[in-house]
$ cat upload06.pdb   # PDB, C-alpha atoms, pLDDT in the B column
MODEL        1
ATOM      1  CA  MET A   1    -135.356 -42.531  70.923  1.00 50.00           C
ATOM      2  CA  PRO A   2    -137.092 -39.616  69.083  1.00 50.00           C
ATOM      3  CA  ARG A   3    -137.259 -36.297  70.891  1.00 50.00           C
ATOM      4  CA  VAL A   4    -141.053 -36.182  70.973  1.00 46.00           C
ATOM      5  CA  ILE A   5    -141.338 -39.563  72.702  1.00 46.00           C
ATOM      6  CA  THR A   6    -138.602 -38.649  75.192  1.00 45.00           C
ATOM      7  CA  GLU A   7    -140.367 -35.456  76.170  1.00 48.00           C
ATOM      8  CA  THR A   8    -143.657 -37.306  76.563  1.00 49.00           C
ATOM      9  CA  VAL A   9    -142.076 -39.855  78.927  1.00 44.00           C
ATOM     10  CA  LEU A  10    -140.473 -37.091  80.975  1.00 45.00           C
ATOM     11  CA  CYS A  11    -143.777 -35.267  81.262  1.00 47.00           C
ATOM     12  CA  ARG A  12    -145.510 -38.451  82.435  1.00 50.00           C
ATOM     13  CA  LEU A  13    -142.846 -39.043  85.091  1.00 46.00           C
ATOM     14  CA  GLN A  14    -143.520 -35.621  86.553  1.00 49.00           C
ATOM     15  CA  GLU A  15    -147.254 -36.328  87.011  1.00 46.00           C
ATOM     16  CA  PRO A  16    -148.384 -37.434  90.520  1.00 46.00           C
ATOM     17  CA  ARG A  17    -150.553 -40.224  89.095  1.00 46.00           C
ATOM     18  CA  ALA A  18    -149.418 -43.701  88.139  1.00 41.00           C
ATOM     19  CA  LEU A  19    -146.797 -44.037  85.420  1.00 39.00           C
ATOM     20  CA  HIS A  20    -148.150 -44.654  81.876  1.00 42.00           C
ATOM     21  CA  ILE A  21    -145.411 -45.597  79.407  1.00 41.00           C
ATOM     22  CA  MET A  22    -145.953 -44.975  75.734  1.00 43.00           C
ATOM     23  CA  TRP A  23    -144.606 -48.016  74.002  1.00 43.00           C
ATOM     24  CA  PRO A  24    -142.012 -47.529  71.248  1.00 44.00           C
ATOM     25  CA  MET A  25    -143.111 -48.282  67.736  1.00 45.00           C
ATOM     26  CA  GLY A  26    -141.714 -50.538  65.006  1.00 50.00           C
ATOM     27  CA  SER A  27    -138.997 -53.125  65.592  1.00 50.00           C
ATOM     28  CA  GLU A  28    -138.348 -51.931  69.158  1.00 54.00           C
ATOM     29  CA  HIS A  29    -141.976 -52.666  70.080  1.00 50.00           C
ATOM     30  CA  LEU A  30    -141.795 -56.204  68.621  1.00 53.00           C
ATOM     31  CA  GLU A  31    -138.571 -56.923  70.434  1.00 59.00           C
ATOM     32  CA  MET A  32    -140.024 -55.795  73.754  1.00 57.00           C
ATOM     33  CA  ARG A  33    -143.137 -57.981  73.250  1.00 55.00           C
ATOM     34  CA  LYS A  34    -140.912 -61.009  72.568  1.00 57.00           C
ATOM     35  CA  ARG A  35    -139.071 -60.438  75.835  1.00 62.00           C
ATOM     36  CA  GLN A  36    -142.394 -60.150  77.718  1.00 57.00           C
ATOM     37  CA  LEU A  37    -143.742 -63.384  76.234  1.00 55.00           C
ATOM     38  CA  SER A  38    -140.519 -65.204  77.056  1.00 56.00           C
ATOM     39  CA  ALA A  39    -140.688 -63.997  80.655  1.00 54.00           C
ATOM     40  CA  ALA A  40    -144.366 -64.973  80.951  1.00 50.00           C
ATOM     41  CA  GLN A  41    -143.713 -68.488  79.634  1.00 52.00           C
ATOM     42  CA  GLY A  42    -140.840 -68.991  82.047  1.00 53.00           C
ATOM     43  CA  THR A  43    -142.808 -68.071  85.172  1.00 45.00           C
ATOM     44  CA  PRO A  44    -145.147 -71.107  85.435  1.00 44.00           C
ATOM     45  CA  ALA A  45    -142.301 -73.478  84.681  1.00 41.00           C
ATOM     46  CA  SER A  46    -140.668 -72.590  88.004  1.00 41.00           C
ATOM     47  CA  ILE A  47    -143.781 -73.319  90.130  1.00 41.00           C
ATOM     48  CA  PRO A  48    -143.559 -77.168  90.292  1.00 43.00           C
ATOM     49  CA  SER A  49    -140.020 -76.916  91.661  1.00 43.00           C
ATOM     50  CA  GLN A  50    -141.318 -75.237  94.835  1.00 43.00           C
ATOM     51  CA  PRO A  51    -141.702 -77.633  97.769  1.00 44.00           C
ATOM     52  CA  GLY A  52    -145.270 -78.686  98.484  1.00 45.00           C
ATOM     53  CA  ALA A  53    -146.637 -76.928  95.408  1.00 41.00           C
ATOM     54  CA  GLY A  54    -147.792 -78.028  92.012  1.00 44.00           C
ATOM     55  CA  SER A  55    -150.850 -79.710  90.645  1.00 43.00           C
ATOM     56  CA  ARG A  56    -149.414 -83.219  90.595  1.00 43.00           C
ATOM     57  CA  GLY A  57    -149.434 -83.501  94.363  1.00 44.00           C
ATOM     58  CA  SER A  58    -153.012 -82.283  94.531  1.00 43.00           C
ATOM     59  CA  ASN A  59    -154.150 -84.668  91.803  1.00 45.00           C
ATOM     60  CA  ALA A  60    -152.365 -87.581  93.452  1.00 42.00           C
ATOM     61  CA  CYS A  61    -154.136 -86.800  96.723  1.00 43.00           C
ATOM     62  CA  CYS A  62    -157.483 -86.618  94.994  1.00 43.00           C
ATOM     63  CA  PHE A  63    -156.854 -89.906  93.172  1.00 39.00           C
ATOM     64  CA  CYS A  64    -155.958 -91.613  96.427  1.00 43.00           C
ATOM     65  CA  TRP A  65    -159.120 -90.372  98.127  1.00 44.00           C
ATOM     66  CA  CYS A  66    -161.390 -91.398  95.252  1.00 45.00           C
ATOM     67  CA  CYS A  67    -159.966 -94.852  94.691  1.00 46.00           C
ATOM     68  CA  CYS A  68    -159.034 -95.879  98.199  1.00 46.00           C
ATOM     69  CA  CYS A  69    -161.118 -94.096 100.829  1.00 47.00           C
ATOM     70  CA  SER A  70    -164.434 -94.102  98.984  1.00 47.00           C
ATOM     71  CA  CYS A  71    -164.268 -97.703  97.867  1.00 47.00           C
ATOM     72  CA  SER A  72    -163.064 -99.045 101.202  1.00 46.00           C
ATOM     73  CA  CYS A  73    -165.900 -97.285 103.058  1.00 48.00           C
ATOM     74  CA  LEU A  74    -168.647 -98.216 100.603  1.00 48.00           C
ATOM     75  CA  THR A  75    -169.946-101.203 102.572  1.00 49.00           C
ATOM     76  CA  VAL A  76    -169.955 -99.346 105.891  1.00 43.00           C
ATOM     77  CA  ARG A  77    -171.657 -96.352 104.287  1.00 53.00           C
ATOM     78  CA  ASN A  78    -174.444 -98.528 102.869  1.00 54.00           C
ATOM     79  CA  GLN A  79    -175.058-100.067 106.276  1.00 52.00           C
ATOM     80  CA  ASP A  80    -175.147 -96.645 107.904  1.00 52.00           C
ATOM     81  CA  GLN A  81    -177.611 -95.435 105.288  1.00 56.00           C
ATOM     82  CA  ARG A  82    -179.972 -98.336 106.013  1.00 56.00           C
ATOM     83  CA  LEU A  83    -179.822 -97.670 109.752  1.00 52.00           C
ATOM     84  CA  THR A  84    -180.284 -93.948 109.199  1.00 54.00           C
ATOM     85  CA  ALA A  85    -183.355 -94.625 107.065  1.00 54.00           C
ATOM     86  CA  ALA A  86    -184.790 -96.841 109.800  1.00 52.00           C
ATOM     87  CA  SER A  87    -184.088 -94.136 112.381  1.00 52.00           C
ATOM     88  CA  ARG A  88    -185.743 -91.508 110.218  1.00 53.00           C
ATOM     89  CA  GLU A  89    -188.862 -93.638 109.828  1.00 55.00           C
ATOM     90  CA  PHE A  90    -188.955 -94.399 113.552  1.00 54.00           C
ATOM     91  CA  ARG A  91    -188.611 -90.752 114.564  1.00 58.00           C
ATOM     92  CA  ALA A  92    -191.231 -89.784 111.993  1.00 44.00           C
ATOM     93  CA  ALA A  93    -193.748 -91.659 114.153  1.00 48.00           C
ATOM     94  CA  ASP A  94    -193.335 -88.933 116.780  1.00 51.00           C
ATOM     95  CA  LEU A  95    -194.240 -86.154 114.351  1.00 47.00           C
ATOM     96  CA  PRO A  96    -198.017 -86.670 113.935  1.00 62.00           C
ATOM     97  CA  ALA A  97    -200.117 -85.087 116.668  1.00 67.00           C
ATOM     98  CA  CYS A  98    -202.255 -88.232 116.889  1.00 75.00           C
ATOM     99  CA  GLU A  99    -202.628 -91.784 115.654  1.00 85.00           C
ATOM    100  CA  GLU A 100    -204.907 -92.610 112.764  1.00 85.00           C
ATOM    101  CA  SER A 101    -208.230 -93.840 114.083  1.00 82.00           C
ATOM    102  CA  PRO A 102    -211.957 -93.458 113.469  1.00 86.00           C
ATOM    103  CA  SER A 103    -213.957 -91.097 115.654  1.00 91.00           C
ATOM    104  CA  PRO A 104    -214.850 -92.703 118.980  1.00 94.00           C
ATOM    105  CA  THR A 105    -218.381 -93.774 119.691  1.00 95.00           C
ATOM    106  CA  LEU A 106    -220.362 -92.833 122.767  1.00 96.00           C
ATOM    107  CA  GLU A 107    -219.983 -96.380 124.110  1.00 96.00           C
ATOM    108  CA  GLU A 108    -216.197 -96.218 123.742  1.00 96.00           C
ATOM    109  CA  VAL A 109    -215.908 -92.874 125.498  1.00 97.00           C
ATOM    110  CA  ASN A 110    -218.098 -94.133 128.361  1.00 97.00           C
ATOM    111  CA  ALA A 111    -215.824 -97.195 128.622  1.00 98.00           C
ATOM    112  CA  TRP A 112    -212.793 -94.939 129.131  1.00 98.00           C
ATOM    113  CA  ALA A 113    -214.233 -93.921 132.488  1.00 97.00           C
ATOM    114  CA  GLN A 114    -214.440 -97.550 133.604  1.00 97.00           C
ATOM    115  CA  SER A 115    -210.715 -98.291 133.488  1.00 98.00           C
ATOM    116  CA  PHE A 116    -207.414 -96.898 132.292  1.00 98.00           C
ATOM    117  CA  ASP A 117    -206.875-100.054 130.247  1.00 98.00           C
ATOM    118  CA  ASN A 118    -210.032 -99.310 128.248  1.00 98.00           C
ATOM    119  CA  LEU A 119    -208.673 -95.856 127.494  1.00 98.00           C
ATOM    120  CA  MET A 120    -205.227 -97.061 126.384  1.00 98.00           C
ATOM    121  CA  VAL A 121    -206.381-100.016 124.302  1.00 96.00           C
ATOM    122  CA  THR A 122    -207.904 -97.915 121.512  1.00 94.00           C
ATOM    123  CA  PRO A 123    -206.142 -95.360 119.264  1.00 95.00           C
ATOM    124  CA  ALA A 124    -208.965 -92.866 119.800  1.00 96.00           C
ATOM    125  CA  GLY A 125    -208.581 -93.153 123.564  1.00 97.00           C
ATOM    126  CA  ARG A 126    -204.810 -92.695 123.365  1.00 97.00           C
ATOM    127  CA  ASN A 127    -205.275 -89.682 121.103  1.00 96.00           C
ATOM    128  CA  ALA A 128    -207.661 -87.977 123.513  1.00 96.00           C
ATOM    129  CA  PHE A 129    -205.444 -88.766 126.502  1.00 97.00           C
ATOM    130  CA  ARG A 130    -202.345 -87.615 124.628  1.00 96.00           C
ATOM    131  CA  GLU A 131    -204.042 -84.301 123.844  1.00 96.00           C
ATOM    132  CA  PHE A 132    -204.742 -83.864 127.539  1.00 97.00           C
ATOM    133  CA  LEU A 133    -201.155 -84.730 128.487  1.00 97.00           C
ATOM    134  CA  ARG A 134    -199.987 -82.074 126.044  1.00 96.00           C
ATOM    135  CA  THR A 135    -201.861 -79.437 128.053  1.00 96.00           C
ATOM    136  CA  GLU A 136    -200.056 -80.647 131.180  1.00 96.00           C
ATOM    137  CA  PHE A 137    -196.651 -80.677 129.449  1.00 96.00           C
ATOM    138  CA  SER A 138    -196.230 -84.407 130.043  1.00 97.00           C
ATOM    139  CA  GLU A 139    -196.847 -85.758 126.546  1.00 97.00           C
ATOM    140  CA  GLU A 140    -193.426 -87.444 126.630  1.00 97.00           C
ATOM    141  CA  ASN A 141    -194.920 -90.184 128.840  1.00 98.00           C
ATOM    142  CA  MET A 142    -197.293 -91.263 126.094  1.00 97.00           C
ATOM    143  CA  LEU A 143    -194.631 -90.858 123.399  1.00 97.00           C
ATOM    144  CA  PHE A 144    -192.257 -93.092 125.345  1.00 98.00           C
ATOM    145  CA  TRP A 145    -194.953 -95.720 125.881  1.00 98.00           C
ATOM    146  CA  LEU A 146    -195.813 -95.725 122.163  1.00 97.00           C
ATOM    147  CA  ALA A 147    -192.138 -95.947 121.176  1.00 97.00           C
ATOM    148  CA  CYS A 148    -191.715 -99.007 123.410  1.00 97.00           C
ATOM    149  CA  GLU A 149    -194.734-100.629 121.776  1.00 97.00           C
ATOM    150  CA  GLU A 150    -193.171-100.083 118.348  1.00 96.00           C
ATOM    151  CA  LEU A 151    -189.835-101.497 119.509  1.00 97.00           C
ATOM    152  CA  LYS A 152    -191.500-104.741 120.625  1.00 97.00           C
ATOM    153  CA  LYS A 153    -192.645-105.386 117.050  1.00 96.00           C
ATOM    154  CA  GLU A 154    -189.087-105.392 115.637  1.00 96.00           C
ATOM    155  CA  THR A 155    -187.153-108.573 114.889  1.00 95.00           C
ATOM    156  CA  ASN A 156    -184.076-107.246 113.059  1.00 96.00           C
ATOM    157  CA  LYS A 157    -181.168-107.012 115.509  1.00 95.00           C
ATOM    158  CA  ASN A 158    -179.558-103.952 113.909  1.00 96.00           C
ATOM    159  CA  ILE A 159    -182.825-102.026 113.797  1.00 97.00           C
ATOM    160  CA  ILE A 160    -183.584-103.008 117.399  1.00 97.00           C
ATOM    161  CA  GLU A 161    -180.220-101.611 118.505  1.00 97.00           C
ATOM    162  CA  GLU A 162    -180.772 -98.392 116.569  1.00 97.00           C
ATOM    163  CA  LYS A 163    -184.318 -97.862 117.855  1.00 97.00           C
ATOM    164  CA  ALA A 164    -183.235 -98.666 121.407  1.00 98.00           C
ATOM    165  CA  ARG A 165    -180.502 -96.041 121.109  1.00 97.00           C
ATOM    166  CA  ILE A 166    -183.017 -93.456 119.865  1.00 97.00           C
ATOM    167  CA  ILE A 167    -185.457 -94.215 122.696  1.00 98.00           C
ATOM    168  CA  TYR A 168    -182.637 -93.958 125.218  1.00 98.00           C
ATOM    169  CA  GLU A 169    -181.460 -90.605 123.848  1.00 97.00           C
ATOM    170  CA  ASP A 170    -184.989 -89.189 123.625  1.00 97.00           C
ATOM    171  CA  TYR A 171    -186.556 -90.385 126.882  1.00 98.00           C
ATOM    172  CA  ILE A 172    -183.995 -91.991 129.240  1.00 97.00           C
ATOM    173  CA  SER A 173    -180.966 -89.718 128.995  1.00 96.00           C
ATOM    174  CA  ILE A 174    -180.792 -87.022 131.662  1.00 94.00           C
ATOM    175  CA  LEU A 175    -179.691 -84.605 128.920  1.00 95.00           C
ATOM    176  CA  SER A 176    -182.933 -84.982 126.980  1.00 96.00           C
ATOM    177  CA  PRO A 177    -185.656 -82.343 127.341  1.00 96.00           C
ATOM    178  CA  LYS A 178    -188.184 -85.201 127.012  1.00 96.00           C
ATOM    179  CA  GLU A 179    -186.729 -87.327 129.818  1.00 97.00           C
ATOM    180  CA  VAL A 180    -189.342 -89.433 131.608  1.00 98.00           C
ATOM    181  CA  SER A 181    -189.399 -89.963 135.355  1.00 97.00           C
ATOM    182  CA  LEU A 182    -187.856 -93.321 136.292  1.00 97.00           C
ATOM    183  CA  ASP A 183    -186.336 -94.612 139.497  1.00 96.00           C
ATOM    184  CA  SER A 184    -182.621 -95.339 139.782  1.00 96.00           C
ATOM    185  CA  ARG A 185    -183.052 -99.131 139.773  1.00 97.00           C
ATOM    186  CA  VAL A 186    -184.785 -99.151 136.387  1.00 97.00           C
ATOM    187  CA  ARG A 187    -182.200 -96.754 134.966  1.00 97.00           C
ATOM    188  CA  GLU A 188    -179.320 -98.946 136.099  1.00 97.00           C
ATOM    189  CA  VAL A 189    -180.867-102.024 134.472  1.00 97.00           C
ATOM    190  CA  ILE A 190    -181.360-100.153 131.201  1.00 98.00           C
ATOM    191  CA  ASN A 191    -177.789 -98.824 131.248  1.00 97.00           C
ATOM    192  CA  ARG A 192    -176.410-102.341 131.685  1.00 97.00           C
ATOM    193  CA  ASN A 193    -178.595-103.813 128.950  1.00 97.00           C
ATOM    194  CA  MET A 194    -177.803-101.078 126.417  1.00 97.00           C
ATOM    195  CA  VAL A 195    -174.585-102.967 125.625  1.00 96.00           C
ATOM    196  CA  GLU A 196    -176.704-105.509 123.765  1.00 96.00           C
ATOM    197  CA  PRO A 197    -180.325-104.288 123.766  1.00 97.00           C
ATOM    198  CA  SER A 198    -183.342-106.419 122.951  1.00 97.00           C
ATOM    199  CA  GLN A 199    -186.858-105.353 121.992  1.00 97.00           C
ATOM    200  CA  HIS A 200    -187.862-105.744 125.657  1.00 97.00           C
ATOM    201  CA  ILE A 201    -185.089-103.606 127.163  1.00 98.00           C
ATOM    202  CA  PHE A 202    -187.540-100.913 128.271  1.00 98.00           C
ATOM    203  CA  ASP A 203    -190.321-103.175 129.572  1.00 98.00           C
ATOM    204  CA  ASP A 204    -189.804-102.231 133.236  1.00 97.00           C
ATOM    205  CA  ALA A 205    -189.560 -98.547 132.366  1.00 98.00           C
ATOM    206  CA  GLN A 206    -192.667 -98.741 130.190  1.00 98.00           C
ATOM    207  CA  LEU A 207    -194.643-100.356 132.996  1.00 98.00           C
ATOM    208  CA  GLN A 208    -193.466 -97.689 135.431  1.00 98.00           C
ATOM    209  CA  ILE A 209    -194.592 -94.879 133.114  1.00 98.00           C
ATOM    210  CA  TYR A 210    -197.889 -96.662 132.445  1.00 98.00           C
ATOM    211  CA  THR A 211    -198.502 -96.834 136.204  1.00 98.00           C
ATOM    212  CA  LEU A 212    -197.545 -93.178 136.588  1.00 98.00           C
ATOM    213  CA  MET A 213    -200.045 -92.098 133.938  1.00 98.00           C
ATOM    214  CA  HIS A 214    -202.712 -94.320 135.480  1.00 98.00           C
ATOM    215  CA  ARG A 215    -202.337 -92.970 139.010  1.00 98.00           C
ATOM    216  CA  ASP A 216    -201.442 -89.365 138.263  1.00 97.00           C
ATOM    217  CA  SER A 217    -202.778 -88.151 134.905  1.00 98.00           C
ATOM    218  CA  TYR A 218    -205.760 -90.436 134.282  1.00 98.00           C
ATOM    219  CA  PRO A 219    -207.963 -89.146 137.179  1.00 98.00           C
ATOM    220  CA  ARG A 220    -207.375 -85.546 136.068  1.00 98.00           C
ATOM    221  CA  PHE A 221    -208.212 -86.468 132.483  1.00 98.00           C
ATOM    222  CA  MET A 222    -211.554 -87.929 133.545  1.00 98.00           C
ATOM    223  CA  ASN A 223    -212.398 -84.659 135.323  1.00 97.00           C
ATOM    224  CA  SER A 224    -211.087 -82.439 132.521  1.00 97.00           C
ATOM    225  CA  SER A 225    -213.221 -80.296 130.249  1.00 97.00           C
ATOM    226  CA  LEU A 226    -211.664 -82.099 127.284  1.00 97.00           C
ATOM    227  CA  TYR A 227    -213.209 -85.424 128.265  1.00 98.00           C
ATOM    228  CA  LYS A 228    -216.511 -83.965 129.457  1.00 97.00           C
ATOM    229  CA  ASP A 229    -216.977 -81.888 126.304  1.00 97.00           C
ATOM    230  CA  LEU A 230    -216.279 -84.912 124.108  1.00 96.00           C
ATOM    231  CA  LEU A 231    -218.733 -87.041 126.080  1.00 96.00           C
ATOM    232  CA  GLN A 232    -221.418 -84.366 125.920  1.00 95.00           C
ATOM    233  CA  SER A 233    -221.055 -83.804 122.171  1.00 95.00           C
ATOM    234  CA  LEU A 234    -221.352 -87.516 121.452  1.00 95.00           C
ATOM    235  CA  ALA A 235    -224.384 -87.800 123.729  1.00 95.00           C
ATOM    236  CA  GLU A 236    -226.115 -84.944 121.904  1.00 93.00           C
ATOM    237  CA  LYS A 237    -225.390 -86.523 118.542  1.00 89.00           C
ATOM    238  CA  SER A 238    -226.852 -89.839 119.673  1.00 86.00           C
ATOM    239  CA  ILE A 239    -230.033 -88.087 120.808  1.00 87.00           C
ATOM    240  CA  GLU A 240    -230.371 -86.274 117.504  1.00 81.00           C
ATOM    241  CA  ALA A 241    -229.894 -89.528 115.622  1.00 69.00           C
TER     242      ALA A 241
ENDMDL
END
$ encode --input "upload06.pdb" --output "structure tokens"
Amino acid sequence: MPRVITETVLCRLQEPRALHIMWPMGSEHLEMRKRQLSAAQGTPASIPSQPGAGSRGSNACCFCWCCCCSCSCLTVRNQDQRLTAASREFRAADLPACEESPSPTLEEVNAWAQSFDNLMVTPAGRNAFREFLRTEFSEENMLFWLACEELKKETNKNIIEEKARIIYEDYISILSPKEVSLDSRVREVINRNMVEPSQHIFDDAQLQIYTLMHRDSYPRFMNSSLYKDLLQSLAEKSIEA
């Protein structure tokens, strides 16, 4: 090696920083590059021989998942998607703050005071009563009653089972924040029938909640400012007309 290069290498070795080698020139440089390329090409070749490594095992696993697992679960997945869609539509009914209905007339609002049935038979009456229940933090009673009404309209067995499960989780389960107040006898009957639910599985519970709203919440609604203000505004409009 020439003297100048040797001195340069020695000077670099004495520096505290990282070693920087000045590559030899000419045929020595080409020979060193050949050895580096040979070493680099040999390194990946040894990887597949290591246990549990290599791309073939990973590809084989991926192929198995794509061709076996996905295809075998396709039918079940489609069924689950249909039930999920039905559940999403059913739960979406709880999202609106009120049912669609025309504005109540003065005659209708006066009829609400005559009986609880008159109040519950019209969407406008249910909307006004539901708004009142919301102020008393007992809106779940109306939501449960409405959900039971929707369940009675179903005829598809799979959808009935799914909707019954949702109603149970939302309003019957003791873990739900929207649990309605039911006696132990009604709960036991529901628990037994949940094995194979029908569209009438919650009939006894619905009647019990209907009676509770009638005896407890309905008298307070009739004496509430919400009802009186609505009645007064409609009476004033009728006079102006």
$ residues_around --input "upload06.pdb" --residues "region 190-204 of chain A" --least-positions-apart "5" --cutoff "7 Å" --atoms "only C-alpha atoms" --output "list of chain:residue names"
A:Cys148, A:Leu151, A:Lys152, A:Glu154, A:Ile160, A:Glu161, A:Ala164
$ atom_distance --input "upload06.pdb" --atom1 "CA of Ile159 (chain A)" --atom2 "CA of Arg187 (chain A)"
21.8 Å
$ resolve_selection --input "upload06.pdb" --expression "the PyMOL selection byres ((chain A and resi 101-109) around 7)" --output "list of chain:residue names"
A:Glu99, A:Glu100, A:Asn110, A:Ala111, A:Trp112, A:Pro123, A:Ala124, A:Leu231, A:Leu234, A:Ala235
$ atom_distance --input "upload06.pdb" --atom1 "CA of Ser138 (chain A)" --atom2 "CA of Met213 (chain A)"
9.4 Å
$ closest_residue --input "upload06.pdb" --among "A:Ile239, A:Ala113, A:Phe144, A:Lys178" --to "Lys163 (chain A)" --atoms "all atoms listed in the file"
A:Phe144
$ atom_distance --input "upload06.pdb" --atom1 "CA of Glu150 (chain A)" --atom2 "CA of Phe221 (chain A)"
24.7 Å
$ axis_aligned_box --input "upload06.pdb" --around "region 110-122 of chain A" --padding-each-side "5 Å" --output "lines of an AutoDock Vina configuration file"
center_x = -211.7
center_y = -97.0
center_z = 127.6
size_x = 22.9
size_y = 16.1
size_z = 22.1
$ closest_residue --input "upload06.pdb" --among "A:Arg165, A:Lys228, A:Arg185, A:His214" --to "Asn141 (chain A)" --atoms "all atoms listed in the file"
A:His214
$ closest_residue --input "upload06.pdb" --among "A:Ile166, A:Thr122, A:Ala128, A:Phe116" --to "Cys98 (chain A)" --atoms "all atoms listed in the file"
A:Ala128
$ closest_residue --input "upload06.pdb" --among "A:Asn156, A:Met222, A:Thr211, A:Ala205" --to "Tyr168 (chain A)" --atoms "all atoms listed in the file"
A:Ala205
$ residues_near_point --input "upload06.pdb" --point "(-206.2, -77.5, 128.3)" --cutoff "8 Å" --atoms "only C-alpha atoms" --output "number ranges by chain"
A: 132, 135-136, 225-226
$ residues_near_point --input "upload06.pdb" --point "(-189.6, -94.1, 132.0)" --cutoff "6 Å" --atoms "all atoms listed in the file" --output "list in words"
Val180, Ser181, Leu182, Ala205, Gln206 and Ile209 of chain A
$ write_last_selection --input "upload06.pdb" --atoms "C-alpha atoms" --output "PDB file, in the coordinates of the input"
ATOM      1  CA  VAL A 180    -189.342 -89.433 131.608  1.00 98.00           C
ATOM      2  CA  SER A 181    -189.399 -89.963 135.355  1.00 97.00           C
ATOM      3  CA  LEU A 182    -187.856 -93.321 136.292  1.00 97.00           C
ATOM      4  CA  ALA A 205    -189.560 -98.547 132.366  1.00 98.00           C
ATOM      5  CA  GLN A 206    -192.667 -98.741 130.190  1.00 98.00           C
ATOM      6  CA  ILE A 209    -194.592 -94.879 133.114  1.00 98.00           C
TER       7      ILE A 209
END
$ build_atoms --input "upload06.pdb" --residues "region 131-143 of chain A" --atoms "N, CA, C and O atoms" --output "CSV table (one decimal), in the frame of the given file"
chain,number,residue,atom,x,y,z
A,131,GLU,N,-203.7,-85.7,124.0
A,131,GLU,CA,-204.0,-84.3,123.8
A,131,GLU,C,-204.1,-83.7,125.2
A,131,GLU,O,-203.7,-82.5,125.4
A,132,PHE,N,-204.7,-84.4,126.2
A,132,PHE,CA,-204.7,-83.9,127.5
A,132,PHE,C,-203.3,-83.8,128.1
A,132,PHE,O,-203.0,-82.7,128.8
A,133,LEU,N,-202.5,-84.8,128.0
A,133,LEU,CA,-201.2,-84.7,128.5
A,133,LEU,C,-200.4,-83.6,127.9
A,133,LEU,O,-199.5,-83.0,128.6
A,134,ARG,N,-200.7,-83.2,126.7
A,134,ARG,CA,-200.0,-82.1,126.0
A,134,ARG,C,-200.3,-80.8,126.8
A,134,ARG,O,-199.4,-79.9,126.9
A,135,THR,N,-201.5,-80.6,127.3
A,135,THR,CA,-201.9,-79.4,128.1
A,135,THR,C,-201.2,-79.4,129.4
A,135,THR,O,-201.0,-78.3,130.0
A,136,GLU,N,-200.8,-80.6,129.9
A,136,GLU,CA,-200.1,-80.6,131.2
A,136,GLU,C,-198.5,-80.7,131.0
A,136,GLU,O,-197.8,-81.0,132.0
A,137,PHE,N,-198.1,-80.6,129.8
A,137,PHE,CA,-196.7,-80.7,129.4
A,137,PHE,C,-196.0,-82.0,129.9
A,137,PHE,O,-194.9,-82.0,130.4
A,138,SER,N,-196.8,-83.1,129.7
A,138,SER,CA,-196.2,-84.4,130.0
A,138,SER,C,-196.5,-85.4,128.9
A,138,SER,O,-196.7,-86.6,129.2
A,139,GLU,N,-196.6,-84.9,127.7
A,139,GLU,CA,-196.8,-85.8,126.5
A,139,GLU,C,-195.7,-86.8,126.3
A,139,GLU,O,-196.0,-87.9,125.7
A,140,GLU,N,-194.5,-86.5,126.8
A,140,GLU,CA,-193.4,-87.4,126.6
A,140,GLU,C,-193.7,-88.8,127.2
A,140,GLU,O,-193.2,-89.8,126.8
A,141,ASN,N,-194.6,-88.9,128.3
A,141,ASN,CA,-194.9,-90.2,128.8
A,141,ASN,C,-195.6,-91.1,127.8
A,141,ASN,O,-195.3,-92.3,127.7
A,142,MET,N,-196.6,-90.5,127.1
A,142,MET,CA,-197.3,-91.3,126.1
A,142,MET,C,-196.4,-91.6,124.9
A,142,MET,O,-196.4,-92.7,124.4
A,143,LEU,N,-195.6,-90.6,124.5
A,143,LEU,CA,-194.6,-90.9,123.4
A,143,LEU,C,-193.7,-92.0,123.7
A,143,LEU,O,-193.4,-92.8,122.9
